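Next up, input_26.csv (CSV, C-alpha atoms and all ligand atoms):
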chain,number,residue,atom,x,y,z
A,1,MET,CA,122.7,89.3,83.5
A,2,THR,CA,119.1,89.4,84.4
A,3,ALA,CA,117.5,89.1,87.8
A,4,THR,CA,115.9,85.8,87.4
A,5,GLY,CA,117.1,84.8,83.9
A,6,ALA,CA,119.0,81.7,85.2
A,7,ILE,CA,116.1,80.4,87.3
A,8,PRO,CA,114.0,77.9,85.4
A,9,ALA,CA,110.3,79.0,85.2
A,10,THR,CA,109.3,75.5,86.0
A,11,ALA,CA,111.7,74.1,88.5
A,12,PRO,CA,112.9,70.5,88.1
A,13,THR,CA,111.0,67.9,90.1
A,14,GLY,CA,112.6,66.4,93.1
A,15,PRO,CA,113.7,62.8,93.7
A,16,SER,CA,110.2,61.6,94.6
A,17,GLY,CA,109.0,62.5,91.2
A,18,ALA,CA,106.1,64.6,90.3
A,19,ALA,CA,106.3,67.4,92.9
A,20,GLN,CA,104.4,70.3,91.4
A,21,ARG,CA,105.9,73.6,92.5
A,22,HIS,CA,103.5,76.3,93.6
A,23,ARG,CA,103.6,80.0,94.1
A,24,VAL,CA,103.6,81.3,97.6
A,25,ALA,CA,101.6,84.5,98.2
A,26,LEU,CA,100.7,86.8,101.1
A,27,HIS,CA,97.8,89.0,100.4
A,28,GLY,CA,97.4,92.0,102.6
A,29,VAL,CA,98.7,90.1,105.6
A,30,THR,CA,98.6,91.7,109.1
A,31,HIS,CA,99.7,89.7,112.1
A,32,VAL,CA,99.0,90.7,115.7
A,33,TYR,CA,100.1,88.7,118.7
A,34,ALA,CA,97.7,89.1,121.6
A,35,GLY,CA,99.6,89.2,124.9
A,36,ARG,CA,99.0,90.0,128.5
A,37,GLY,CA,101.1,93.2,128.1
A,38,GLY,CA,99.0,94.2,125.1
A,39,ASP,CA,98.8,93.4,121.5
A,40,VAL,CA,101.9,93.3,119.3
A,41,LEU,CA,101.5,94.3,115.7
A,42,ALA,CA,104.2,92.1,114.1
A,43,LEU,CA,103.4,92.5,110.4
A,44,ASP,CA,101.5,95.2,108.8
A,45,HIS,CA,99.8,94.8,105.4
A,46,VAL,CA,102.4,92.6,103.8
A,47,ASP,CA,101.9,91.7,100.1
A,48,LEU,CA,104.4,89.3,98.7
A,49,VAL,CA,104.5,86.8,95.8
A,50,ILE,CA,107.3,84.2,95.7
A,51,GLU,CA,107.5,82.3,92.4
A,52,PRO,CA,108.5,78.6,92.3
A,53,GLY,CA,112.2,78.1,92.4
A,54,GLU,CA,113.0,81.5,93.7
A,55,PHE,CA,115.6,81.9,96.5
A,56,VAL,CA,114.3,84.8,98.6
A,57,SER,CA,116.5,86.1,101.4
A,58,VAL,CA,115.0,88.3,104.1
A,59,VAL,CA,116.9,90.8,106.2
A,60,GLY,CA,115.6,93.2,108.8
A,61,PRO,CA,116.2,94.4,112.4
A,62,SER,CA,115.6,92.1,115.3
A,63,GLY,CA,111.9,91.8,116.2
A,64,CYS,CA,110.7,93.2,112.8
A,65,GLY,CA,108.6,90.1,112.1
A,66,LYS,CA,110.9,87.9,109.9
A,67,SER,CA,110.1,84.8,111.9
A,68,THR,CA,106.5,85.7,111.9
A,69,LEU,CA,106.5,85.9,108.1
A,70,LEU,CA,108.2,82.5,107.9
A,71,GLY,CA,105.8,81.0,110.5
A,72,LEU,CA,102.8,82.1,108.5
A,73,ILE,CA,104.1,80.3,105.4
A,74,ALA,CA,105.0,77.3,107.5
A,75,GLY,CA,101.5,77.3,108.9
A,76,PHE,CA,102.5,77.7,112.5
A,77,HIS,CA,100.0,80.5,112.8
A,78,ARG,CA,97.2,82.0,110.8
A,79,PRO,CA,97.3,85.7,109.8
A,80,THR,CA,95.1,88.1,111.8
A,81,ARG,CA,94.1,89.7,108.6
A,82,GLY,CA,94.7,88.8,105.0
A,83,ARG,CA,95.5,85.4,103.3
A,84,VAL,CA,98.6,83.3,102.9
A,85,THR,CA,98.3,80.9,100.0
A,86,LEU,CA,100.3,78.1,98.3
A,87,GLY,CA,99.1,77.8,94.8
A,88,ASP,CA,95.3,78.2,95.0
A,89,GLU,CA,95.1,76.9,98.5
A,90,GLU,CA,95.1,78.8,101.7
A,91,ILE,CA,97.7,77.6,104.1
A,92,ARG,CA,96.0,76.2,107.2
A,93,GLY,CA,98.7,74.4,109.0
A,94,PRO,CA,102.2,72.8,108.6
A,95,GLY,CA,102.7,70.2,106.0
A,96,PRO,CA,105.4,68.0,104.5
A,97,ASP,CA,105.5,70.2,101.4
A,98,ARG,CA,107.2,72.9,103.5
A,99,GLY,CA,110.5,72.0,105.3
A,100,VAL,CA,111.6,74.2,108.1
A,101,VAL,CA,115.1,74.7,109.4
A,102,PHE,CA,115.8,76.8,112.5
A,103,GLN,CA,118.9,78.4,113.9
A,104,GLN,CA,119.1,76.0,116.8
A,105,PRO,CA,119.2,72.4,115.6
A,106,ASN,CA,116.2,70.6,117.2
A,107,LEU,CA,117.2,67.1,116.5
A,108,TYR,CA,115.9,64.2,118.7
A,109,PRO,CA,118.7,63.1,120.9
A,110,TRP,CA,117.3,59.6,121.4
A,111,MET,CA,117.4,58.9,117.7
A,112,SER,CA,120.5,58.3,115.6
A,113,VAL,CA,121.4,60.8,112.9
A,114,ARG,CA,119.9,58.5,110.2
A,115,GLU,CA,116.6,58.1,112.3
A,116,ASN,CA,116.3,61.8,112.6
A,117,VAL,CA,116.6,62.3,108.8
A,118,ALA,CA,114.2,59.4,108.2
A,119,LEU,CA,111.6,60.8,110.6
A,120,GLY,CA,109.4,62.6,108.0
A,121,PRO,CA,109.2,59.6,105.7
A,122,ARG,CA,108.5,57.4,108.7
A,123,LEU,CA,105.6,59.6,109.7
A,124,ARG,CA,104.4,59.3,106.1
A,125,HIS,CA,104.5,55.5,106.4
A,126,VAL,CA,107.3,55.1,103.9
A,127,ARG,CA,108.7,51.6,104.1
A,128,ARG,CA,111.8,51.0,106.2
A,129,ALA,CA,114.2,50.1,103.3
A,130,GLN,CA,113.0,53.1,101.3
A,131,ARG,CA,113.3,55.6,104.1
A,132,ARG,CA,116.7,54.3,104.9
A,133,ALA,CA,117.7,54.8,101.3
A,134,ILE,CA,116.3,58.4,101.4
A,135,ALA,CA,118.2,59.2,104.6
A,136,ASP,CA,121.4,57.7,103.4
A,137,ARG,CA,121.3,59.6,100.1
A,138,LEU,CA,120.6,62.9,101.9
A,139,LEU,CA,123.3,62.2,104.5
A,140,ALA,CA,125.8,61.7,101.7
A,141,LEU,CA,124.6,64.9,100.1
A,142,VAL,CA,125.3,67.0,103.3
A,143,GLY,CA,128.6,65.1,104.0
A,144,LEU,CA,127.4,63.1,107.0
A,145,ALA,CA,127.4,59.6,105.5
A,146,GLU,CA,129.9,58.3,108.0
A,147,PHE,CA,127.9,59.6,110.9
A,148,ALA,CA,124.5,57.9,110.1
A,149,ASP,CA,124.7,55.7,113.1
A,150,HIS,CA,126.0,58.3,115.5
A,151,ALA,CA,123.9,60.0,118.2
A,152,THR,CA,123.1,63.6,117.2
A,153,TYR,CA,124.9,65.0,120.3
A,154,GLU,CA,128.1,63.5,119.0
A,155,LEU,CA,128.0,66.0,116.1
A,156,SER,CA,129.4,69.5,116.0
A,157,GLY,CA,127.1,72.5,115.6
A,158,GLY,CA,127.7,72.6,111.9
A,159,MET,CA,127.1,68.9,111.5
A,160,GLN,CA,123.9,69.1,113.5
A,161,GLN,CA,122.8,71.9,111.2
A,162,ARG,CA,123.5,69.7,108.1
A,163,CYS,CA,121.5,67.0,109.7
A,164,GLN,CA,118.6,69.3,110.2
A,165,ILE,CA,118.8,70.4,106.5
A,166,ALA,CA,118.9,66.7,105.5
A,167,ARG,CA,115.9,66.0,107.7
A,168,ALA,CA,114.0,69.0,106.1
A,169,LEU,CA,114.8,67.7,102.6
A,170,ALA,CA,113.7,64.1,103.4
A,171,ASN,CA,110.1,65.0,102.6
A,172,ASP,CA,111.2,66.4,99.2
A,173,PRO,CA,109.5,69.7,100.2
A,174,GLU,CA,108.7,72.1,97.5
A,175,ILE,CA,109.5,75.0,99.8
A,176,LEU,CA,112.4,75.3,102.3
A,177,LEU,CA,111.8,77.8,105.1
A,178,MET,CA,115.1,78.6,106.8
A,179,ASP,CA,115.2,80.9,109.9
A,180,GLU,CA,118.8,82.1,110.4
A,181,PRO,CA,120.0,78.6,109.9
A,182,PHE,CA,123.7,79.4,109.9
A,183,GLY,CA,123.5,82.1,112.5
A,184,ALA,CA,125.2,80.1,115.2
A,185,LEU,CA,128.1,78.7,113.0
A,186,ASP,CA,131.7,79.9,112.8
A,187,ALA,CA,132.6,81.9,109.7
A,188,LEU,CA,134.3,79.2,107.8
A,189,THR,CA,131.6,76.5,108.4
A,190,ARG,CA,129.0,79.1,107.5
A,191,GLU,CA,130.6,79.8,104.1
A,192,ARG,CA,130.9,76.1,103.4
A,193,MET,CA,127.2,75.6,104.4
A,194,GLN,CA,126.2,78.4,102.1
A,195,ASP,CA,127.8,76.7,99.2
A,196,GLU,CA,126.3,73.4,100.1
A,197,LEU,CA,122.9,74.9,100.3
A,198,LEU,CA,123.3,76.5,96.8
A,199,THR,CA,124.3,73.1,95.4
A,200,ILE,CA,121.2,71.5,96.9
A,201,TRP,CA,119.0,74.3,95.6
A,202,ARG,CA,120.5,74.2,92.1
A,203,ASP,CA,119.9,70.5,91.9
A,204,ALA,CA,116.4,70.2,93.3
A,205,GLY,CA,115.0,73.7,92.5
A,206,GLN,CA,113.0,74.2,95.7
A,207,THR,CA,111.5,77.5,96.5
A,208,VAL,CA,113.6,78.9,99.4
A,209,LEU,CA,112.8,81.6,102.0
A,210,PHE,CA,116.0,82.3,103.9
A,211,ILE,CA,116.1,84.6,106.9
A,212,THR,CA,119.5,86.0,107.9
A,213,HIS,CA,121.1,88.9,109.8
A,214,SER,CA,123.9,89.0,107.3
A,215,VAL,CA,123.4,91.2,104.3
A,216,GLU,CA,126.4,89.5,102.6
A,217,GLU,CA,124.8,86.0,103.1
A,218,ALA,CA,121.4,87.3,101.9
A,219,LEU,CA,123.0,88.6,98.7
A,220,TYR,CA,125.4,85.6,98.2
A,221,LEU,CA,122.5,83.1,98.3
A,222,GLY,CA,119.4,84.9,97.1
A,223,THR,CA,117.9,85.6,93.7
A,224,ARG,CA,116.0,88.3,95.5
A,225,VAL,CA,116.5,90.1,98.9
A,226,LEU,CA,113.6,91.5,100.9
A,227,VAL,CA,114.5,94.2,103.4
A,228,MET,CA,112.0,94.7,106.2
A,229,SER,CA,111.4,97.8,108.3
A,230,PRO,CA,111.5,97.8,112.1
A,231,ARG,CA,108.3,96.5,113.7
A,232,PRO,CA,105.6,96.5,112.5
A,233,GLY,CA,107.3,94.7,109.7
A,234,ARG,CA,106.8,95.9,106.1
A,235,ILE,CA,108.8,95.1,103.1
A,236,VAL,CA,110.7,98.3,102.3
A,237,LEU,CA,113.0,97.0,99.6
A,238,ASP,CA,112.5,94.1,97.2
A,239,GLN,CA,115.9,93.8,95.5
A,240,PRO,CA,116.5,91.4,92.6
A,241,VAL,CA,120.0,89.9,92.7
A,242,PRO,CA,121.4,89.8,89.2
A,243,PHE,CA,124.1,87.1,89.7
A,244,PRO,CA,123.4,83.8,88.1
A,245,PRO,CA,123.3,80.9,90.5
A,246,HIS,CA,126.3,79.2,89.0
A,247,GLU,CA,128.4,82.3,89.5
A,248,ARG,CA,128.1,82.3,93.3
A,249,ASP,CA,131.6,81.7,94.4
A,250,ARG,CA,134.3,83.4,96.6
A,251,ALA,CA,135.1,85.9,93.8
A,252,LEU,CA,131.5,87.1,93.8
A,253,ARG,CA,131.9,88.6,97.3
A,254,GLU,CA,134.5,91.0,95.9
A,255,HIS,CA,132.6,91.9,92.7
A,256,PRO,CA,131.9,95.6,92.5
A,257,GLU,CA,128.2,95.1,91.8
A,258,PHE,CA,128.0,92.8,94.8
A,259,VAL,CA,129.7,95.3,97.0
A,260,ALA,CA,127.5,98.1,95.7
A,261,LEU,CA,124.3,96.1,96.4
A,262,ARG,CA,125.5,95.2,99.8
A,263,ALA,CA,126.0,98.9,100.6
A,264,ARG,CA,122.6,99.7,99.1
A,265,ILE,CA,120.9,97.1,101.4
A,266,GLY,CA,123.0,98.2,104.3
A,267,ARG,CA,121.8,101.8,103.9
A,268,GLU,CA,118.2,100.6,103.7
A,269,LEU,CA,118.8,98.8,107.1
A,270,GLY,CA,120.4,101.9,108.5
A,271,LEU,CA,123.8,100.3,108.8
A,272,ALA,CA,125.6,102.9,106.9
A,301,LIG,N1,104.3,84.4,120.4
A,301,LIG,C1,104.4,85.8,120.5
A,301,LIG,N2,103.7,86.5,121.4
A,301,LIG,C2,103.8,87.8,121.5
A,301,LIG,N3,104.7,88.5,120.8
A,301,LIG,C3,105.4,87.9,119.9
A,301,LIG,C4,105.4,86.4,119.7
A,301,LIG,N4,106.2,86.1,118.8
A,301,LIG,C5,106.9,87.2,118.4
A,301,LIG,N5,106.4,88.3,119.0
A,301,LIG,C6,106.8,89.7,118.8
A,301,LIG,O1,106.5,90.0,117.5
A,301,LIG,C7,107.5,90.8,116.9
A,301,LIG,C8,108.1,90.1,115.7
A,301,LIG,O2,108.7,88.9,116.1
A,301,LIG,P1,109.6,88.0,115.2
A,301,LIG,O3,108.7,87.7,114.0
A,301,LIG,O4,110.1,86.9,116.0
A,301,LIG,O5,110.7,89.0,114.7
A,301,LIG,P2,112.2,88.6,114.1
A,301,LIG,O6,112.2,87.2,113.6
A,301,LIG,O7,112.3,89.6,112.9
A,301,LIG,O8,113.2,88.9,115.1
A,301,LIG,C9,108.5,91.0,118.1
A,301,LIG,O9,108.2,92.2,118.7
A,301,LIG,C10,108.2,89.9,119.0
A,301,LIG,O10,108.6,90.2,120.3
A,302,MG,MG,113.4,85.6,114.2

Reformat the file's structure so that it appears as structure tokens.
Ligand SMILES: Nc1ncnc2c1ncn2[C@@H]1O[C@H](COP(=O)(O)OP(=O)(O)O)[C@@H](O)[C@H]1O
Ligand SMILES: [Mg+2]
Amino acid sequence: MTATGAIPATAPTGPSGAAQRHRVALHGVTHVYAGRGGDVLALDHVDLVIEPGEFVSVVGPSGCGKSTLLGLIAGFHRPTRGRVTLGDEEIRGPGPDRGVVFQQPNLYPWMSVRENVALGPRLRHVRRAQRRAIADRLLALVGLAEFADHATYELSGGMQQRCQIARALANDPEILLMDEPFGALDALTRERMQDELLTIWRDAGQTVLFITHSVEEALYLGTRVLVMSPRPGRIVLDQPVPFPPHERDRALREHPEFVALRARIGRELGLA
């Protein structure tokens, strides 16, 4: 088994066709939030390269800068120093090539489930019939086909999270940025969602950046786990995960190598 042996160097293109996958890179990135109570150094000299198709999990203590890292790639903020790039281009703002999923579903309650999922295509002026087809395909993918015409507040937390993932996928993003997306779900739903996410990723080959508090989840999903230090965030461990994507199943969680890696990362986080 090799760290990335099972990951295609050139990821397959998504449903909309010719999506070219690009490398994400942070070059000497420092991020400072200026506040009334003084400046907060959130990230300190972070260098990071994420290859197309990688599934990178990020763990680290609360407040260490994980969401800041994700927000820089999403284009929500610009780094105080250094550069964040996608391919050869500097990231200057959000775009449909990067889909974001948060811990708290932020669906629009005045739209149906289907309308929420079709929102991105609508903003890109995709025709009604086509965006309906996109939404219905994704709703089927995340197991919500029967709920397309429901209001979002009629869905359970796990279903809302699925809807959010479907909405993020509707632009066929080359990168999925997920900030503790399963953090609010019960254990059973969470494991089910992990498997669904793996299926989606194996099929479409997006690049994924996945933030979580759970070392187990980070290892189960990732092809690579980044461990961050307490603030100011730095990457203190960049751990390849040697398990092929198709071998991620219940048995893996008990595998001695999995258990050993979980302990190693836990020690790095100061949990053991
Ligand atoms: N908009 C902001 N203004 C000021 N400080 C912020 C802001 N956003 C985050 N911070 C601070 O930056 C640090 C890193 O935050 P964040 O990236 O959200 O950490 P994490 O996601 O790892 O919990 C924290 O100390 C947080 O309080
Ligand atoms: Mg956060």

Task: Proximity to ligand LIG 301 (chain A) - best of A:Arg36, A:Arg124, A:Arg21, A:Arg131, only C-alpha atoms and all ligand atoms - done: A:Arg36

Open item on the list: Please determine, counting all atoms listed in the file, which residue among A:His150, A:His27, A:Arg83, A:His213 has the shortest atom-to-atom distance to ligand MG 302 (chain A).
Closed with: A:His213

Nearby residues, ligand LIG 301 (chain A), 8 Å, all atoms listed in the file, as an mmCIF file with C-alpha atoms, keeping the file's coordinate frame:
data_model
loop_
_atom_site.group_PDB
_atom_site.id
_atom_site.type_symbol
_atom_site.label_atom_id
_atom_site.label_comp_id
_atom_site.auth_asym_id
_atom_site.auth_seq_id
_atom_site.Cartn_x
_atom_site.Cartn_y
_atom_site.Cartn_z
ATOM 1 C CA VAL A 32 99.000 90.700 115.700
ATOM 2 C CA TYR A 33 100.100 88.700 118.700
ATOM 3 C CA ALA A 34 97.700 89.100 121.600
ATOM 4 C CA GLY A 35 99.600 89.200 124.900
ATOM 5 C CA ASP A 39 98.800 93.400 121.500
ATOM 6 C CA VAL A 40 101.900 93.300 119.300
ATOM 7 C CA LEU A 41 101.500 94.300 115.700
ATOM 8 C CA ALA A 42 104.200 92.100 114.100
ATOM 9 C CA LEU A 43 103.400 92.500 110.400
ATOM 10 C CA GLY A 60 115.600 93.200 108.800
ATOM 11 C CA PRO A 61 116.200 94.400 112.400
ATOM 12 C CA SER A 62 115.600 92.100 115.300
ATOM 13 C CA GLY A 63 111.900 91.800 116.200
ATOM 14 C CA CYS A 64 110.700 93.200 112.800
ATOM 15 C CA GLY A 65 108.600 90.100 112.100
ATOM 16 C CA LYS A 66 110.900 87.900 109.900
ATOM 17 C CA SER A 67 110.100 84.800 111.900
ATOM 18 C CA THR A 68 106.500 85.700 111.900
ATOM 19 C CA LEU A 69 106.500 85.900 108.100
ATOM 20 C CA ASP A 179 115.200 80.900 109.900
ATOM 21 C CA ARG A 231 108.300 96.500 113.700
ATOM 22 C CA PRO A 232 105.600 96.500 112.500
ATOM 23 C CA GLY A 233 107.300 94.700 109.700
#

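Between Arg253 in chain A and the residues A:Val227, A:Leu221, A:Ala166, A:Leu48, the shortest atom-to-atom distance, using all atoms listed in the file, involves A:Leu221.
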
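Considering all atoms listed in the file, the residue among A:Glu180, A:Asp136, A:Glu174, A:Asp238 positioned nearest to ligand MG 302 (chain A) is A:Glu180.
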
TODO: Have a look at A:Leu188, A:Leu138, A:Met193, A:Val59 and name the one nearest to ligand MG 302 (chain A); count only C-alpha atoms and all ligand atoms.
DONE: A:Val59

TODO: Name all residues at most 9 Å from Gly93 in chain A (count only C-alpha atoms; drop same-chain ones fewer than 5 positions away) and give them as a PyMOL selection string.
DONE: chain A and resi 72-78

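The space between CA of Leu237 in chain A and CA of Arg267 in chain A spans 10.9 Å.
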
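Of the listed residues A:Val259, A:Leu144, A:Leu219, A:Val58, the one whose atoms come nearest to ligand MG 302 (chain A) is A:Val58, with distances taken using all atoms listed in the file.
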